[in-house]
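Source file: entry.csv; contents: CSV, C-alpha atoms and all ligand atoms.
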```
chain,number,residue,atom,x,y,z
A,1,MET,CA,-5.6,6.8,-39.6
A,2,SER,CA,-2.7,6.4,-37.2
A,3,LEU,CA,0.6,8.3,-37.8
A,4,ALA,CA,2.2,5.0,-38.9
A,5,GLY,CA,-0.7,4.3,-41.2
A,6,THR,CA,-0.6,7.8,-42.7
A,7,MET,CA,3.2,7.4,-43.4
A,8,ARG,CA,2.6,3.9,-45.0
A,9,TYR,CA,-0.1,5.5,-47.2
A,10,PHE,CA,2.2,8.3,-48.4
A,11,ILE,CA,5.2,6.0,-48.9
A,12,GLY,CA,2.9,3.6,-50.9
A,13,LEU,CA,1.7,6.6,-53.0
A,14,ALA,CA,5.3,7.7,-53.6
A,15,THR,CA,6.6,4.3,-54.6
A,16,ASP,CA,3.6,3.7,-56.9
A,17,GLN,CA,4.6,6.8,-58.8
A,18,LEU,CA,8.4,6.3,-58.7
A,19,LEU,CA,9.1,2.6,-58.9
A,20,PRO,CA,8.3,0.5,-61.9
A,21,HIS,CA,5.9,-2.4,-61.8
A,22,GLN,CA,5.8,-5.6,-63.9
A,23,CYS,CA,3.5,-5.7,-67.0
A,24,LEU,CA,0.8,-8.3,-66.3
A,25,LEU,CA,1.2,-9.8,-69.8
A,26,CYS,CA,4.9,-9.8,-70.8
A,27,GLY,CA,6.5,-9.3,-67.3
A,28,ARG,CA,8.6,-6.3,-68.5
A,29,PHE,CA,8.8,-3.3,-66.2
A,30,CYS,CA,6.3,-0.5,-66.7
A,31,PHE,CA,5.4,2.6,-64.8
A,32,ASP,CA,1.8,1.6,-64.2
A,33,ARG,CA,0.0,-1.1,-62.4
A,34,GLY,CA,-1.3,-3.0,-65.4
A,35,VAL,CA,-0.1,-3.5,-69.0
A,36,CYS,CA,3.0,-1.9,-70.7
A,37,ALA,CA,2.7,0.4,-73.7
A,38,SER,CA,3.9,-2.3,-76.1
A,39,CYS,CA,1.3,-4.9,-75.0
A,40,TRP,CA,-1.3,-2.2,-74.9
A,41,ASP,CA,-0.7,-1.8,-78.7
A,42,GLY,CA,-2.6,-5.2,-79.1
A,43,ALA,CA,-5.7,-3.9,-77.3
A,44,TRP,CA,-8.8,-3.1,-79.2
A,45,PRO,CA,-10.9,-0.9,-76.8
A,46,ILE,CA,-14.5,-0.3,-78.0
A,47,SER,CA,-15.5,3.3,-78.3
A,48,ALA,CA,-17.9,5.4,-80.5
A,49,PRO,CA,-19.2,4.9,-83.1
A,50,LEU,CA,-21.1,1.8,-81.7
A,51,CYS,CA,-24.6,0.4,-81.8
A,52,HIS,CA,-26.4,2.1,-78.9
A,53,ARG,CA,-28.3,-1.2,-78.2
A,54,CYS,CA,-25.9,-4.1,-78.4
A,55,GLY,CA,-22.6,-2.1,-78.3
A,56,ARG,CA,-21.2,-3.6,-81.4
A,57,PRO,CA,-18.5,-1.3,-82.9
A,58,LEU,CA,-19.7,0.4,-86.1
A,59,ALA,CA,-17.5,1.4,-89.1
A,60,HIS,CA,-19.2,4.8,-89.1
A,61,ALA,CA,-21.9,6.6,-87.1
A,62,LEU,CA,-25.5,5.8,-88.1
A,63,PRO,CA,-28.4,8.3,-87.7
A,64,ASP,CA,-30.4,5.9,-85.4
A,65,HIS,CA,-27.2,4.4,-83.8
A,66,LEU,CA,-28.5,0.9,-84.3
A,67,CYS,CA,-26.7,-1.9,-86.1
A,68,GLY,CA,-28.6,-4.0,-88.7
A,69,GLN,CA,-29.1,-6.9,-86.3
A,70,CYS,CA,-30.7,-4.7,-83.6
A,71,TRP,CA,-32.9,-3.1,-86.2
A,72,LEU,CA,-34.3,-6.5,-87.2
A,73,ALA,CA,-34.3,-8.3,-83.8
A,74,PRO,CA,-33.2,-6.2,-80.8
A,75,PRO,CA,-31.9,-8.1,-77.8
A,76,PRO,CA,-34.0,-8.2,-74.6
A,77,LEU,CA,-31.2,-6.1,-73.0
A,78,ALA,CA,-31.7,-2.3,-73.1
A,79,ALA,CA,-27.9,-1.9,-73.7
A,80,ILE,CA,-24.8,-4.0,-73.8
A,81,ARG,CA,-21.3,-2.6,-73.4
A,82,ALA,CA,-17.9,-4.2,-73.6
A,83,GLY,CA,-14.5,-2.8,-72.7
A,84,PHE,CA,-12.7,-4.6,-75.5
A,85,VAL,CA,-13.0,-6.8,-78.6
A,86,TYR,CA,-12.1,-10.3,-77.6
A,87,ASN,CA,-8.6,-10.8,-79.3
A,88,ASP,CA,-5.2,-12.0,-78.2
A,89,PHE,CA,-4.8,-9.1,-75.8
A,90,SER,CA,-8.1,-9.5,-73.9
A,91,ARG,CA,-7.9,-13.3,-74.1
A,92,ALA,CA,-4.4,-13.2,-72.4
A,93,LEU,CA,-6.0,-11.3,-69.5
A,94,ILE,CA,-9.3,-13.1,-69.2
A,95,LEU,CA,-8.3,-16.7,-69.5
A,96,PRO,CA,-6.1,-16.7,-66.3
A,97,PHE,CA,-8.8,-14.7,-64.6
A,98,LYS,CA,-11.4,-17.3,-65.6
A,99,HIS,CA,-9.5,-20.5,-65.1
A,100,GLY,CA,-6.2,-19.7,-63.4
A,101,ASP,CA,-7.1,-18.3,-60.0
A,102,ALA,CA,-5.7,-14.9,-61.2
A,103,LEU,CA,-8.0,-12.9,-59.0
A,104,HIS,CA,-5.4,-10.1,-58.7
A,105,LEU,CA,-6.6,-9.2,-62.2
A,106,THR,CA,-10.0,-8.1,-60.8
A,107,PRO,CA,-9.2,-4.4,-60.2
A,108,VAL,CA,-7.3,-4.2,-63.5
A,109,LEU,CA,-10.2,-5.6,-65.5
A,110,GLY,CA,-12.6,-3.6,-63.4
A,111,ARG,CA,-10.9,-0.3,-64.2
A,112,PHE,CA,-11.1,-1.2,-67.9
A,113,VAL,CA,-14.9,-1.2,-67.8
A,114,THR,CA,-15.6,1.4,-65.0
A,115,ARG,CA,-16.4,4.1,-67.6
A,116,HIS,CA,-19.1,1.9,-69.2
A,117,PHE,CA,-20.4,0.8,-65.8
A,118,ASN,CA,-20.8,4.4,-64.5
A,119,ALA,CA,-22.6,5.4,-67.7
A,120,MET,CA,-25.1,2.6,-67.4
A,121,ASN,CA,-25.5,2.7,-63.6
A,122,ASP,CA,-29.0,4.2,-63.3
A,123,PRO,CA,-30.3,5.1,-59.7
A,124,GLY,CA,-31.4,1.9,-57.9
A,125,SER,CA,-29.7,-0.5,-60.3
A,126,LEU,CA,-28.9,-4.0,-58.9
A,127,VAL,CA,-25.5,-5.4,-60.1
A,128,ILE,CA,-26.0,-9.1,-60.9
A,129,PRO,CA,-23.2,-11.5,-62.1
A,130,ILE,CA,-23.9,-14.3,-64.5
A,131,PRO,CA,-23.9,-17.3,-62.1
A,132,LEU,CA,-21.9,-20.5,-62.6
A,133,HIS,CA,-23.5,-23.8,-62.1
A,134,ARG,CA,-22.8,-25.1,-58.6
A,135,ARG,CA,-20.7,-28.0,-59.9
A,136,ARG,CA,-18.5,-25.6,-61.9
A,137,TYR,CA,-18.3,-23.3,-58.9
A,138,LEU,CA,-17.2,-26.1,-56.6
A,139,LEU,CA,-14.4,-27.0,-59.1
A,140,ARG,CA,-13.2,-23.5,-59.6
A,141,ARG,CA,-14.0,-22.2,-56.1
A,142,TYR,CA,-14.9,-18.7,-57.4
A,143,ASN,CA,-17.0,-17.1,-60.0
A,144,GLN,CA,-14.9,-14.6,-61.9
A,145,SER,CA,-17.9,-12.6,-63.0
A,146,ALA,CA,-19.1,-12.2,-59.4
A,147,GLU,CA,-15.6,-11.0,-58.4
A,148,LEU,CA,-15.8,-8.4,-61.1
A,149,ALA,CA,-19.4,-7.3,-60.2
A,150,ARG,CA,-18.4,-7.1,-56.6
A,151,TRP,CA,-15.5,-4.8,-57.4
A,152,LEU,CA,-17.7,-2.6,-59.6
A,153,ALA,CA,-20.8,-2.4,-57.4
A,154,ALA,CA,-21.6,-0.6,-54.1
A,155,THR,CA,-22.1,-3.2,-51.3
A,156,ASP,CA,-25.9,-2.6,-51.2
A,157,THR,CA,-26.4,-3.0,-54.9
A,158,PHE,CA,-24.4,-6.2,-55.5
A,159,ALA,CA,-26.9,-9.0,-55.7
A,160,PRO,CA,-24.9,-12.2,-56.4
A,161,ASN,CA,-27.7,-14.6,-55.5
A,162,MET,CA,-30.5,-13.0,-57.4
A,163,LEU,CA,-30.0,-15.2,-60.5
A,164,GLN,CA,-29.4,-18.9,-60.2
A,165,ARG,CA,-28.4,-21.5,-62.7
A,166,ARG,CA,-31.0,-24.3,-62.8
A,167,HIS,CA,-28.9,-26.9,-64.6
A,168,HIS,CA,-25.6,-27.5,-66.2
A,169,ASN,CA,-25.7,-26.5,-69.8
A,170,LYS,CA,-23.3,-27.9,-72.4
A,171,SER,CA,-20.4,-25.6,-73.2
A,172,GLN,CA,-21.4,-22.9,-75.8
A,173,ALA,CA,-18.1,-23.3,-77.7
A,174,GLY,CA,-18.5,-24.5,-81.2
A,175,LEU,CA,-22.3,-24.2,-81.3
A,176,SER,CA,-24.2,-22.2,-83.9
A,177,ARG,CA,-26.1,-19.0,-82.9
A,178,LEU,CA,-29.5,-20.9,-82.8
A,179,ARG,CA,-28.0,-23.9,-80.9
A,180,ARG,CA,-26.4,-21.4,-78.4
A,181,LYS,CA,-29.9,-19.9,-77.8
A,182,ASN,CA,-31.6,-23.2,-77.3
A,183,ASN,CA,-28.7,-24.5,-75.1
A,184,VAL,CA,-29.2,-21.7,-72.5
A,185,ALA,CA,-33.0,-21.2,-72.8
A,186,GLY,CA,-34.6,-21.6,-69.4
A,187,ILE,CA,-31.3,-22.3,-67.5
A,188,PHE,CA,-31.7,-19.3,-65.2
A,189,SER,CA,-34.2,-18.7,-62.4
A,190,VAL,CA,-34.9,-16.1,-59.7
A,191,PRO,CA,-35.7,-17.5,-56.3
A,192,HIS,CA,-39.2,-16.3,-55.0
A,193,LYS,CA,-37.7,-14.8,-51.8
A,194,TYR,CA,-35.8,-12.2,-53.9
A,195,ARG,CA,-38.6,-11.2,-56.2
A,196,ASP,CA,-39.8,-8.3,-54.0
A,197,ILE,CA,-36.3,-6.8,-54.0
A,198,LEU,CA,-36.0,-7.2,-57.8
A,199,SER,CA,-39.5,-5.8,-58.6
A,200,GLY,CA,-39.1,-2.8,-60.9
A,201,ARG,CA,-35.4,-2.3,-60.3
A,202,PRO,CA,-33.1,-1.7,-63.2
A,203,VAL,CA,-30.3,-4.3,-63.5
A,204,ILE,CA,-26.7,-4.4,-64.7
A,205,LEU,CA,-25.7,-8.0,-65.6
A,206,VAL,CA,-21.9,-8.6,-65.4
A,207,ASP,CA,-20.0,-11.3,-67.3
A,208,ASP,CA,-16.4,-11.6,-68.5
A,209,VAL,CA,-16.9,-12.5,-72.2
A,210,MET,CA,-19.8,-12.2,-74.5
A,211,ALA,CA,-19.8,-14.5,-77.6
A,212,SER,CA,-23.2,-14.7,-79.3
A,213,GLY,CA,-25.0,-12.9,-76.5
A,214,ALA,CA,-27.2,-15.9,-75.9
A,215,THR,CA,-26.3,-16.3,-72.2
A,216,LEU,CA,-26.9,-12.6,-71.4
A,217,ALA,CA,-30.2,-12.7,-73.3
A,218,ALA,CA,-31.4,-15.8,-71.5
A,219,ALA,CA,-30.5,-14.2,-68.1
A,220,ALA,CA,-32.2,-10.9,-69.1
A,221,ARG,CA,-35.4,-12.7,-70.2
A,222,CYS,CA,-35.5,-14.5,-66.8
A,223,LEU,CA,-35.1,-11.3,-64.8
A,224,LEU,CA,-37.7,-9.4,-66.9
A,225,ALA,CA,-40.1,-12.3,-66.5
A,226,ALA,CA,-39.5,-12.1,-62.7
A,227,GLY,CA,-40.5,-8.4,-62.7
A,228,SER,CA,-37.2,-6.5,-63.0
A,229,GLY,CA,-36.9,-3.1,-64.6
A,230,PRO,CA,-34.8,-2.7,-67.8
A,231,VAL,CA,-31.7,-5.0,-67.9
A,232,LYS,CA,-28.3,-3.9,-69.2
A,233,GLY,CA,-25.2,-6.0,-69.8
A,234,LEU,CA,-21.6,-5.2,-69.1
A,235,VAL,CA,-18.7,-7.5,-70.2
A,236,VAL,CA,-14.9,-7.1,-70.3
A,237,ALA,CA,-14.7,-8.3,-73.9
A,238,ARG,CA,-17.0,-9.3,-76.8
A,239,VAL,CA,-16.4,-11.6,-79.7
A,240,LEU,CA,-17.0,-9.7,-83.0
B,301,ZN,ZN,3.8,-5.9,-71.6
B,302,ZN,ZN,-26.7,-3.6,-82.3
```
Please, can you express the file's structure as structure tokens?
Amino acid sequence: MSLAGTMRYFIGLATDQLLPHQCLLCGRFCFDRGVCASCWDGAWPISAPLCHRCGRPLAHALPDHLCGQCWLAPPPLAAIRAGFVYNDFSRALILPFKHGDALHLTPVLGRFVTRHFNAMNDPGSLVIPIPLHRRRYLLRRYNQSAELARWLAATDTFAPNMLQRRHHNKSQAGLSRLRRKNNVAGIFSVPHKYRDILSGRPVILVDDVMASGATLAAAARCLLAAGSGPVKGLVVARVL
């Protein structure tokens, strides 16, 4: 780094520590790049005790670490983890990220889930975002899940084209659990040219929000059928 670059780096470091920033939610000044203490009060971060399989928060620790639903019908994913419960706090961050071009939120949301990502990042894992349908991608011009996955992954493990969306499913909003499952069944595919790279590799699927888990499950089934190793899922927030 040049002398000027080194000076810029240290001045940046000093001003980051000394000067206040604006809270991303309320706009008030705070001494951190992110969310102020008062807005943070509304956050519901997910931590132990939780179901080791689906990541659902549990009222108390269970001996086998599995929730009732995973006991009866475990998801095709080896593990699912979420940074937060989907509530007013996480919605206020995720909606502008999803629909409002607010890509400057990528590192903020990324840092919220880095701990979970590092814990599930087995050697050789491919990091694959849930794809948007091409029509939706053209309208929005970016895939927020891919931006998050790109931020989390190392360059050589980020695999944004591994999973493709075959057709445009109806929105999942307002559908029952069974309808959601049927709505996304068979919508994903893995192009043949990528199957050798995928073969036997563990996968981390990345998405912004998980509602019923039907989309993650459909994507995981498709990857497993195409020969992947175990598939895990990481989302910023999950609906309880
Ligand atoms: Zn605030
Ligand atoms: Zn569970």
For this session: Pick out the residues sitting within 12 Å of Val85 of chain A, and hand them over as a list in words; count all atoms listed in the file, and ignore anything fewer than 2 positions along from it in its own chain.
Result: Gly42, Ala43, Trp44, Pro45, Ile46, Ser47, Gly55, Arg56, Pro57, Arg81, Ala82, Gly83, Asn87, Asp88, Phe89, Ser90, Arg91, Ile94, Asp208, Val209, Met210, Ala211, Val235, Val236, Ala237, Arg238, Val239 and Leu240 of chain A
Problem set entry | Spatial neighbours of segment 131-148 of chain A, 6 Å, only C-alpha atoms, chain gap at least 3 places, as number ranges by chain | A: 98, 106, 151, 165, 168, 207-208
Problem set entry | Protein and nucleic acid residues within 6 Å of ligand ZN 302 (chain B) (all atoms listed in the file) as a list in words | Cys51, Arg53, Cys54, Gly55, Arg56, Leu66, Cys67, Gln69 and Cys70 of chain A
Exercise. How far is it from atom CA of Gly213 of chain A to atom CA of Arg111 of chain A, in Å with one decimal?
Worked result: 22.6 Å
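The shortest atom-to-atom distance to Ala225 of chain A, with all atoms listed in the file taken into account, belongs to A:Val190 out of A:Val190, A:Ser212, A:Asp64, A:Ala59.
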Exercise. Ligand ZN 301 (chain B): which residues are within 12 Å, counting only C-alpha atoms and all ligand atoms, as number ranges by chain?
Worked result: A: 21-43, 89, 92-93
For this session: Counting only C-alpha atoms, find the residues whose atoms lie at most 12 Å from (-33.2, 0.0, -69.1) (file coordinates) and write them out as number ranges by chain.
Result: A: 53, 75-80, 119-126, 200-205, 220, 224, 228-233
Resulting file, chosen residues, C-alpha atoms, as a compact mmCIF listing (two decimals), keeping the file's coordinate frame:
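Dumped everything to selection.txt:
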```txt
# COMPACT_ATOMS: atom_id res chain seq x y z
CA ARG A 53 -28.30 -1.20 -78.20
CA PRO A 75 -31.90 -8.10 -77.80
CA PRO A 76 -34.00 -8.20 -74.60
CA LEU A 77 -31.20 -6.10 -73.00
CA ALA A 78 -31.70 -2.30 -73.10
CA ALA A 79 -27.90 -1.90 -73.70
CA ILE A 80 -24.80 -4.00 -73.80
CA ALA A 119 -22.60 5.40 -67.70
CA MET A 120 -25.10 2.60 -67.40
CA ASN A 121 -25.50 2.70 -63.60
CA ASP A 122 -29.00 4.20 -63.30
CA PRO A 123 -30.30 5.10 -59.70
CA GLY A 124 -31.40 1.90 -57.90
CA SER A 125 -29.70 -0.50 -60.30
CA LEU A 126 -28.90 -4.00 -58.90
CA GLY A 200 -39.10 -2.80 -60.90
CA ARG A 201 -35.40 -2.30 -60.30
CA PRO A 202 -33.10 -1.70 -63.20
CA VAL A 203 -30.30 -4.30 -63.50
CA ILE A 204 -26.70 -4.40 -64.70
CA LEU A 205 -25.70 -8.00 -65.60
CA ALA A 220 -32.20 -10.90 -69.10
CA LEU A 224 -37.70 -9.40 -66.90
CA SER A 228 -37.20 -6.50 -63.00
CA GLY A 229 -36.90 -3.10 -64.60
CA PRO A 230 -34.80 -2.70 -67.80
CA VAL A 231 -31.70 -5.00 -67.90
CA LYS A 232 -28.30 -3.90 -69.20
CA GLY A 233 -25.20 -6.00 -69.80
```
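Taking atom CA of Arg177 of chain A and atom CA of Ala217 of chain A as endpoints, the distance between them is 12.2 Å.
As for atom CA of Tyr86 of chain A and atom CA of Gly186 of chain A, they are spaced 26.5 Å apart.
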